[in-house]
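What follows is one structure encoded as structure tokens, with my remarks underneath.
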Amino acid sequence: MAKLVIFDSEGRHEVELKEYNKVGRLPQNDVQILDRIVSKEHALIEFSQPDGYVISDLGSLNGTYVNRQKISGKQKLLDGDEISLGNTRCMFLNDSESTNAGQVVDVSEGALQSHIRSAIEVQDRFLPEKEIAGEKEVREDYEKLRVTYEMQKDFRPDLELEEVLQKILERTFEFLNCDRGAILLTQENGEMKPFVYKMKKKEDKLVISSTLVNHVKGEKKGVLSSDAQMDTRFKEAKSMIMQGIRSSMAAPILHQDELLGCIVIDSSVAVNAYSEKDLQLLTNIGTQTARFISNVTMGQKIKEDAVTRERFSKLMSPDLAELVVSGKLSVEKGGQNRVATVLFADIRGFTSMSENMKAADVLQMLNEYFELMVEIAFKHEGTVDKFVGDEIMVLWGAPVSHNDDAIRAVRAAVDMQRALIEFNKVRESEGQRPIEIGIGLNTGDLVAGYIGSTRTMSYSVIGDTVNTAARLCSAAKAGQVIVSEYTYSKLNQEFECIPLEDVLAKGKSKPLKVYNVVGYKFFGEKDKTTPFPVTSKTMS
């Protein structure tokens, strides 16, 4: 199955191509690209016999580019072709030709015999001038420099790992006589699996000899077989014999003694197709590949950390966000069962307040109000879940848990009501209406995790606990902080709470017992410095 890989601000996305695929900015296209300078209907990718997939421009304003060349008319797409549409970069992948089309390493072959005719260790150094004995050493060092230079020209920091490795294979085919080649990467379980491959001729399946791979894994050295059908080392390598391979080589991809993978190439053209010099060259390519992988991985990690830091700095306090980015706090993908406290707060009379205001003034008011609320939420280490109109939702207990999450949440709620007193003094002095809010809190079981589509995901929580908190917020009058009975039970007598009439919430068969939190109780000297109001006044 052919695919179009799209690289945009959200990351990397794959779209499986059909026989007819219209590409553009509008959602009714078969492939939508959210790029403001991509035309509404920008390009067409279709399957056409006998060429396979071809691309044509649909009269777009900024044109369609394949491998940085603007196209006119129809152009055949080859596996790994880079397609540029506006500011968006894409890559065409064809499973019949390219990278990870379900190829596997055959691990059922017999063990490798101990006799090795040609094996070369990775030499990641140039000889000092005093150690150069003759022309041979100079030529070897020159070849290392040449290969490094040629491959470096293909490497750009913005390339994805798959693109980098595919280009390395293409260069390897230029340097060495190859019929087939593959780059395998080491998985978490220690197995090596093909990541990209290249063949001169189309074949149904590329079978890679586990004999070669196992040698590289065990010895971390390159290995050469001049004739796999006769070499005693490979007498058990059925996959090589079945393909009639006459010559093969494998070289490790080593970075600081860590085996990242290996490069395997073979040729069925001639016996003795490869020499020890070729093996040294392939080994050098493996060394260079390790550097590229390390650079790409490091670049991706830096970008991911930046995105993670930006995302979580909007959800939680900067200190907590930094702990998540550093890995000291874990935010797992997928749903997790949690016990958490959920806070909802919204503005009372917001509709009547905003109907006579300009849209820009409403937006400014909300931004100033939310700025205040978020600062308070972060102060008490809450996680801002979302904003819906004039409503804000904050969590305690997900993704970070504390033993006193319910207490932290109620402290934040009281602080929000307290902060609005000073906030409204400024508004009223400027002739503006004060903002009054009602707050509802509930504690209980819920599911926390990433919610959304493959293109856009956000961390959130779902469950009856969340719905009940929203119902309590709706029941709260201006100035009230209403908590459920379960939240009240977690407060350890720290707050002064007044029982209210039971609330009959939508979706509940029985009324809910609720309390209005009106302030702190006195706990000695520490309360003299508390920022929260100390009061017994009932806010009914």
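Identifiers in this document derive from the order of the structure tokens: chains are assigned A, B, ..., residues are numbered from 1 separately in each chain, and ligands are numbered from 1 in order of occurrence.
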Problem - Spatial neighbours of range 36-40 of chain A, 6 Å, only C-alpha atoms, chain gap at least 4 places, as a ChimeraX atom specification - result: /A:24-26,60,86
Can those selected residues be exported to a file as a JSON list (two decimals), in the first residue's frame so that it contains all heavy atoms?
```json
[["chain", "number", "residue", "atom", "x", "y", "z"],
["A", 24, "GLY", "N", -5.38, 19.00, -0.87],
["A", 24, "GLY", "CA", -5.58, 20.44, -0.76],
["A", 24, "GLY", "C", -5.97, 20.86, 0.63],
["A", 24, "GLY", "O", -5.98, 20.07, 1.57],
["A", 25, "ARG", "N", -6.31, 22.15, 0.78],
["A", 25, "ARG", "CA", -6.58, 22.73, 2.08],
["A", 25, "ARG", "C", -7.99, 22.44, 2.60],
["A", 25, "ARG", "O", -8.21, 22.39, 3.82],
["A", 25, "ARG", "CB", -6.35, 24.25, 2.03],
["A", 25, "ARG", "CG", -6.25, 24.92, 3.39],
["A", 25, "ARG", "CD", -5.89, 26.38, 3.29],
["A", 25, "ARG", "NE", -6.98, 27.20, 2.77],
["A", 25, "ARG", "CZ", -6.97, 27.82, 1.60],
["A", 25, "ARG", "NH1", -5.92, 27.71, 0.81],
["A", 25, "ARG", "NH2", -8.00, 28.55, 1.20],
["A", 26, "LEU", "N", -8.94, 22.23, 1.67],
["A", 26, "LEU", "CA", -10.32, 22.03, 2.08],
["A", 26, "LEU", "C", -10.53, 20.64, 2.67],
["A", 26, "LEU", "O", -9.90, 19.67, 2.23],
["A", 26, "LEU", "CB", -11.27, 22.24, 0.90],
["A", 26, "LEU", "CG", -11.34, 23.66, 0.33],
["A", 26, "LEU", "CD1", -12.30, 23.71, -0.84],
["A", 26, "LEU", "CD2", -11.75, 24.66, 1.40],
["A", 60, "SER", "N", -2.52, 25.14, -8.84],
["A", 60, "SER", "CA", -2.34, 25.81, -7.55],
["A", 60, "SER", "C", -1.57, 27.12, -7.74],
["A", 60, "SER", "O", -0.83, 27.30, -8.71],
["A", 60, "SER", "CB", -1.58, 24.91, -6.58],
["A", 60, "SER", "OG", -0.26, 24.69, -7.05],
["A", 86, "GLY", "N", 3.17, 24.21, -0.69],
["A", 86, "GLY", "CA", 3.21, 25.38, 0.18],
["A", 86, "GLY", "C", 4.39, 25.27, 1.13],
["A", 86, "GLY", "O", 5.52, 25.02, 0.72]]
```
Problem - Residue neighbourhood Lys18 in chain A, 10 Å, only C-alpha atoms, exclusion window fewer than 5 positions, as a list in words - result: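 Using only C-alpha atoms, the neighbours found are Met1, Ala2, Lys3, Asp30, Ile45, Glu46, Phe47 and Tyr53 of chain A.
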Output all heavy atoms for every residue in that selection, as a compact mmCIF listing (two decimals), in the first residue's frame.
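Listed below is the output, out-v1.txt:
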```txt
# COMPACT_ATOMS: atom_id res chain seq x y z
N MET A 1 0.84 -1.20 0.00
CA MET A 1 0.00 0.00 0.00
C MET A 1 0.88 1.25 0.00
O MET A 1 1.78 1.38 0.81
CB MET A 1 -0.91 0.00 1.24
CG MET A 1 -1.79 1.23 1.36
SD MET A 1 -3.01 1.33 0.02
CE MET A 1 -4.07 -0.05 0.44
N ALA A 2 0.62 2.16 -0.93
CA ALA A 2 1.36 3.40 -1.00
C ALA A 2 0.85 4.38 0.06
O ALA A 2 -0.34 4.37 0.41
CB ALA A 2 1.25 4.01 -2.39
N LYS A 3 1.74 5.22 0.54
CA LYS A 3 1.39 6.17 1.59
C LYS A 3 1.96 7.54 1.27
O LYS A 3 2.97 7.66 0.57
CB LYS A 3 1.93 5.72 2.95
CG LYS A 3 1.40 4.38 3.43
CD LYS A 3 2.08 3.98 4.74
CE LYS A 3 1.60 2.62 5.21
NZ LYS A 3 2.29 2.19 6.45
N ASP A 30 -9.38 14.35 -0.44
CA ASP A 30 -9.01 13.04 0.09
C ASP A 30 -7.87 13.15 1.09
O ASP A 30 -7.80 12.39 2.05
CB ASP A 30 -8.60 12.11 -1.06
CG ASP A 30 -9.71 11.94 -2.08
OD1 ASP A 30 -10.69 11.26 -1.74
OD2 ASP A 30 -9.61 12.51 -3.18
N ILE A 45 -2.91 13.00 -6.80
CA ILE A 45 -2.06 11.81 -6.83
C ILE A 45 -2.95 10.63 -7.21
O ILE A 45 -3.93 10.34 -6.52
CB ILE A 45 -1.39 11.55 -5.46
CG1 ILE A 45 -0.52 12.74 -5.05
CG2 ILE A 45 -0.55 10.28 -5.51
CD1 ILE A 45 0.08 12.61 -3.67
N GLU A 46 -2.62 9.99 -8.33
CA GLU A 46 -3.47 8.90 -8.81
C GLU A 46 -2.62 7.74 -9.30
O GLU A 46 -1.45 7.90 -9.67
CB GLU A 46 -4.38 9.40 -9.92
CG GLU A 46 -3.65 10.01 -11.10
CD GLU A 46 -4.58 10.60 -12.14
OE1 GLU A 46 -5.71 10.10 -12.27
OE2 GLU A 46 -4.19 11.58 -12.80
N PHE A 47 -3.23 6.55 -9.29
CA PHE A 47 -2.55 5.36 -9.77
C PHE A 47 -2.85 5.20 -11.25
O PHE A 47 -4.00 5.19 -11.68
CB PHE A 47 -3.02 4.13 -9.01
CG PHE A 47 -2.23 2.89 -9.34
CD1 PHE A 47 -1.01 2.65 -8.74
CD2 PHE A 47 -2.71 1.98 -10.28
CE1 PHE A 47 -0.27 1.52 -9.05
CE2 PHE A 47 -1.98 0.85 -10.60
CZ PHE A 47 -0.76 0.61 -9.98
N TYR A 53 2.01 5.25 -9.36
CA TYR A 53 1.45 6.52 -8.87
C TYR A 53 2.13 7.70 -9.57
O TYR A 53 3.35 7.73 -9.73
CB TYR A 53 1.63 6.64 -7.36
CG TYR A 53 0.58 5.88 -6.59
CD1 TYR A 53 0.81 4.59 -6.16
CD2 TYR A 53 -0.66 6.46 -6.31
CE1 TYR A 53 -0.16 3.87 -5.47
CE2 TYR A 53 -1.63 5.76 -5.63
CZ TYR A 53 -1.38 4.47 -5.20
OH TYR A 53 -2.36 3.78 -4.53
```
Problem - CA of Val339 in chain A to CA of Asp445 in chain A, straight-line distance in Å - result: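 A separation of 4.5 Å between them.
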Problem - Counting only C-alpha atoms, the residue of A:Leu282, A:Ala43, A:Ala340, A:Leu512 that sits nearest Thr383 in chain A - result: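 Result for the nearest residue to Thr383 in chain A: A:Ala340.
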Handout entry: 10 Å contact set for Ala478 in chain A, only C-alpha atoms, chain neighbours under 3 positions out, as a PyMOL selection string
Key = chain A and resi 346-349+417+435-439+475+481+539-540
Practice task
If you run DSSP over the backbone, which residues in range 325-516 of chain A end up strand (DSSP E)? Put them as a PyMOL selection string.
Solution key: chain A and resi 336-347+383-388+391-396+437-452+457-462+481-484+495-499+514-516
Exercise for the section: Work out how far apart CA of Asn62 in chain A and CA of Ile6 in chain A are and give it in Å to one decimal. Expected result: 17.9 Å
Practice task
To one decimal in Å, tell me the separation between CA of Ile55 in chain A and CA of Asp179 in chain A.
Solution key: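 Result for CA of Ile55 in chain A versus CA of Asp179 in chain A: 28.2 Å, one decimal.
Summary of the local environment: counting only C-alpha atoms, residues at most 7 Å from range 63-66 of chain A, other than itself and those fewer than 3 positions away along its chain, are Asp57, Ser60, Gln69, Lys70, Ile71, Asp81, Glu82, Ile83, Ser84 and Leu85 of chain A.
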Keeping only N, CA, C and O atoms, take the residues you just selected and write them out as a compact mmCIF listing (two decimals), in the first residue's frame.
```
# COMPACT_ATOMS: atom_id res chain seq x y z
N ASP A 57 -0.22 18.83 -10.75
CA ASP A 57 -0.68 20.05 -10.09
C ASP A 57 -2.05 20.43 -10.63
O ASP A 57 -2.34 20.27 -11.82
N SER A 60 -2.52 25.14 -8.84
CA SER A 60 -2.34 25.81 -7.55
C SER A 60 -1.57 27.12 -7.74
O SER A 60 -0.83 27.30 -8.71
N GLN A 69 11.93 20.29 -7.37
CA GLN A 69 11.75 20.73 -8.74
C GLN A 69 10.25 20.92 -9.02
O GLN A 69 9.46 20.01 -8.77
N LYS A 70 9.90 22.11 -9.51
CA LYS A 70 8.50 22.37 -9.80
C LYS A 70 8.05 21.51 -10.97
O LYS A 70 8.73 21.41 -11.99
N ILE A 71 6.88 20.86 -10.82
CA ILE A 71 6.41 19.94 -11.85
C ILE A 71 5.45 20.65 -12.79
O ILE A 71 4.79 21.62 -12.44
N ASP A 81 10.33 9.85 -2.76
CA ASP A 81 10.28 11.19 -3.35
C ASP A 81 9.75 12.20 -2.34
O ASP A 81 8.79 11.94 -1.61
N GLU A 82 10.37 13.38 -2.32
CA GLU A 82 9.93 14.46 -1.46
C GLU A 82 8.98 15.37 -2.23
O GLU A 82 9.30 15.83 -3.32
N ILE A 83 7.82 15.63 -1.66
CA ILE A 83 6.80 16.47 -2.30
C ILE A 83 6.60 17.70 -1.43
O ILE A 83 6.36 17.60 -0.23
N SER A 84 6.69 18.88 -2.04
CA SER A 84 6.50 20.13 -1.31
C SER A 84 5.24 20.81 -1.79
O SER A 84 5.06 21.06 -2.99
N LEU A 85 4.34 21.11 -0.85
CA LEU A 85 3.09 21.81 -1.13
C LEU A 85 3.03 23.00 -0.17
O LEU A 85 2.84 22.81 1.02
```
Contact residues around Val15 in chain A with only C-alpha atoms at 12 Å, ignoring same-chain residues under 2 positions, as a PDB file with N, CA and C atoms, in the first residue's frame:
```pdb
ATOM      1  N   MET A   1       0.844  -1.197   0.000  1.00  0.00           N
ATOM      2  CA  MET A   1       0.000   0.000   0.000  1.00  0.00           C
ATOM      3  C   MET A   1       0.878   1.245   0.000  1.00  0.00           C
ATOM      4  N   ALA A   2       0.617   2.157  -0.928  1.00  0.00           N
ATOM      5  CA  ALA A   2       1.360   3.402  -1.004  1.00  0.00           C
ATOM      6  C   ALA A   2       0.849   4.385   0.057  1.00  0.00           C
ATOM      7  N   LYS A   3       1.744   5.218   0.545  1.00  0.00           N
ATOM      8  CA  LYS A   3       1.388   6.169   1.592  1.00  0.00           C
ATOM      9  C   LYS A   3       1.962   7.542   1.274  1.00  0.00           C
ATOM     10  N   LEU A   4       1.306   8.550   1.800  1.00  0.00           N
ATOM     11  CA  LEU A   4       1.842   9.903   1.767  1.00  0.00           C
ATOM     12  C   LEU A   4       2.127  10.294   3.211  1.00  0.00           C
ATOM     13  N   VAL A   5       3.399  10.541   3.507  1.00  0.00           N
ATOM     14  CA  VAL A   5       3.801  10.954   4.848  1.00  0.00           C
ATOM     15  C   VAL A   5       3.853  12.476   4.877  1.00  0.00           C
ATOM     16  N   ILE A   6       3.130  13.079   5.805  1.00  0.00           N
ATOM     17  CA  ILE A   6       3.030  14.534   5.901  1.00  0.00           C
ATOM     18  C   ILE A   6       3.781  14.997   7.141  1.00  0.00           C
ATOM     19  N   PHE A   7       4.685  15.946   6.976  1.00  0.00           N
ATOM     20  CA  PHE A   7       5.442  16.519   8.085  1.00  0.00           C
ATOM     21  C   PHE A   7       4.954  17.955   8.288  1.00  0.00           C
ATOM     22  N   ARG A  12       4.501  14.013  12.412  1.00  0.00           N
ATOM     23  CA  ARG A  12       4.492  13.188  11.206  1.00  0.00           C
ATOM     24  C   ARG A  12       3.180  12.415  11.149  1.00  0.00           C
ATOM     25  N   HIS A  13       2.527  12.428   9.964  1.00  0.00           N
ATOM     26  CA  HIS A  13       1.258  11.722   9.788  1.00  0.00           C
ATOM     27  C   HIS A  13       1.299  10.954   8.470  1.00  0.00           C
ATOM     28  N   LEU A  17      -2.825   5.937   0.485  1.00  0.00           N
ATOM     29  CA  LEU A  17      -3.317   6.467  -0.778  1.00  0.00           C
ATOM     30  C   LEU A  17      -4.241   5.473  -1.472  1.00  0.00           C
ATOM     31  N   LYS A  18      -5.299   6.018  -2.064  1.00  0.00           N
ATOM     32  CA  LYS A  18      -6.207   5.218  -2.890  1.00  0.00           C
ATOM     33  C   LYS A  18      -5.783   5.388  -4.347  1.00  0.00           C
ATOM     34  N   ASN A  21      -6.541  10.478  -5.433  1.00  0.00           N
ATOM     35  CA  ASN A  21      -6.369  11.236  -4.192  1.00  0.00           C
ATOM     36  C   ASN A  21      -6.194  12.720  -4.496  1.00  0.00           C
ATOM     37  N   VAL A  23      -5.522  16.390  -3.211  1.00  0.00           N
ATOM     38  CA  VAL A  23      -4.804  16.953  -2.068  1.00  0.00           C
ATOM     39  C   VAL A  23      -5.017  18.460  -2.040  1.00  0.00           C
ATOM     40  N   ASP A  30      -9.379  14.350  -0.436  1.00  0.00           N
ATOM     41  CA  ASP A  30      -9.007  13.036   0.086  1.00  0.00           C
ATOM     42  C   ASP A  30      -7.871  13.153   1.087  1.00  0.00           C
ATOM     43  N   VAL A  31      -6.953  14.093   0.846  1.00  0.00           N
ATOM     44  CA  VAL A  31      -5.860  14.376   1.771  1.00  0.00           C
ATOM     45  C   VAL A  31      -5.891  15.866   2.080  1.00  0.00           C
ATOM     46  N   GLN A  32      -6.220  16.192   3.324  1.00  0.00           N
ATOM     47  CA  GLN A  32      -6.285  17.605   3.711  1.00  0.00           C
ATOM     48  C   GLN A  32      -4.962  18.040   4.321  1.00  0.00           C
ATOM     49  N   ILE A  33      -4.454  19.189   3.866  1.00  0.00           N
ATOM     50  CA  ILE A  33      -3.227  19.757   4.410  1.00  0.00           C
ATOM     51  C   ILE A  33      -3.543  21.153   4.928  1.00  0.00           C
ATOM     52  N   CYS A  90       6.155  16.666   2.305  1.00  0.00           N
ATOM     53  CA  CYS A  90       5.594  15.314   2.327  1.00  0.00           C
ATOM     54  C   CYS A  90       6.599  14.348   1.715  1.00  0.00           C
ATOM     55  N   MET A  91       6.367  13.065   1.936  1.00  0.00           N
ATOM     56  CA  MET A  91       7.197  12.043   1.323  1.00  0.00           C
ATOM     57  C   MET A  91       6.311  10.908   0.825  1.00  0.00           C
ATOM     58  N   PHE A  92       6.570  10.461  -0.391  1.00  0.00           N
ATOM     59  CA  PHE A  92       5.819   9.363  -0.984  1.00  0.00           C
ATOM     60  C   PHE A  92       6.511   8.050  -0.664  1.00  0.00           C
ATOM     61  N   LEU A  93       5.768   7.116  -0.108  1.00  0.00           N
ATOM     62  CA  LEU A  93       6.295   5.792   0.201  1.00  0.00           C
ATOM     63  C   LEU A  93       5.462   4.751  -0.520  1.00  0.00           C
ATOM     64  N   ASN A  94       6.148   3.823  -1.170  1.00  0.00           N
ATOM     65  CA  ASN A  94       5.464   2.743  -1.873  1.00  0.00           C
ATOM     66  C   ASN A  94       5.925   1.421  -1.281  1.00  0.00           C
ATOM     67  N   THR A 454      -5.650  11.499  15.859  1.00  0.00           N
ATOM     68  CA  THR A 454      -4.218  11.287  15.633  1.00  0.00           C
ATOM     69  C   THR A 454      -3.532  12.588  15.282  1.00  0.00           C
ATOM     70  N   ARG A 455      -4.283  13.579  14.801  1.00  0.00           N
ATOM     71  CA  ARG A 455      -3.683  14.854  14.419  1.00  0.00           C
ATOM     72  C   ARG A 455      -3.564  15.802  15.615  1.00  0.00           C
TER      73      ARG A 455
END
```
Practice task
Find, counting only C-alpha atoms, the residue in A:Ser267, A:Ser56, A:Asn492, A:Gln480 that gets nearest to Asn516 in chain A.
Solution key: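 Of A:Ser267, A:Ser56, A:Asn492, A:Gln480, the one nearest Asn516 in chain A is A:Gln480, counting only C-alpha atoms.
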Exercise: Pro252 in chain A partners within 6 Å, only C-alpha atoms, chain neighbours under 6 positions left out, as an mmCIF file with C-alpha atoms, in the first residue's frame:
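For reference, around_8.cif as written:
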```
data_model
loop_
_atom_site.group_PDB
_atom_site.id
_atom_site.type_symbol
_atom_site.label_atom_id
_atom_site.label_comp_id
_atom_site.auth_asym_id
_atom_site.auth_seq_id
_atom_site.Cartn_x
_atom_site.Cartn_y
_atom_site.Cartn_z
ATOM 1 C CA VAL A 216 27.413 -8.328 13.714
ATOM 2 C CA LYS A 220 30.313 -5.766 16.604
ATOM 3 C CA CYS A 262 23.688 -2.749 10.931
ATOM 4 C CA GLY A 286 28.192 2.323 9.228
#
```
Practice task
Find the spatial neighbours of Val414 in chain A, counting only C-alpha atoms, within a cut-off of 10 Å - ignore same-chain residues fewer than 2 positions away - and output them as number ranges by chain.
Solution key: A: 376, 409-412, 416-419, 439, 479-481, 495, 517-520, 531-533
Exercise for the section: List every residue of range 343-407 of chain A that DSSP, applied to the backbone of this structure, places in helix (DSSP H, G or I), and write the result as a ChimeraX atom specification. Expected result: /A:350-354,359-379,405-407
Problem - Residue nearest Thr341 in chain A - candidates A:Leu259, A:Leu446, A:Val213, A:Ile265, atoms counted: only C-alpha atoms - result: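 Result for the nearest residue to Thr341 in chain A: A:Leu446.
If only C-alpha atoms are the atoms counted, then among A:Leu34, A:Val388, A:Leu78, A:Leu343 the closest residue to Gly52 in chain A is A:Leu78.
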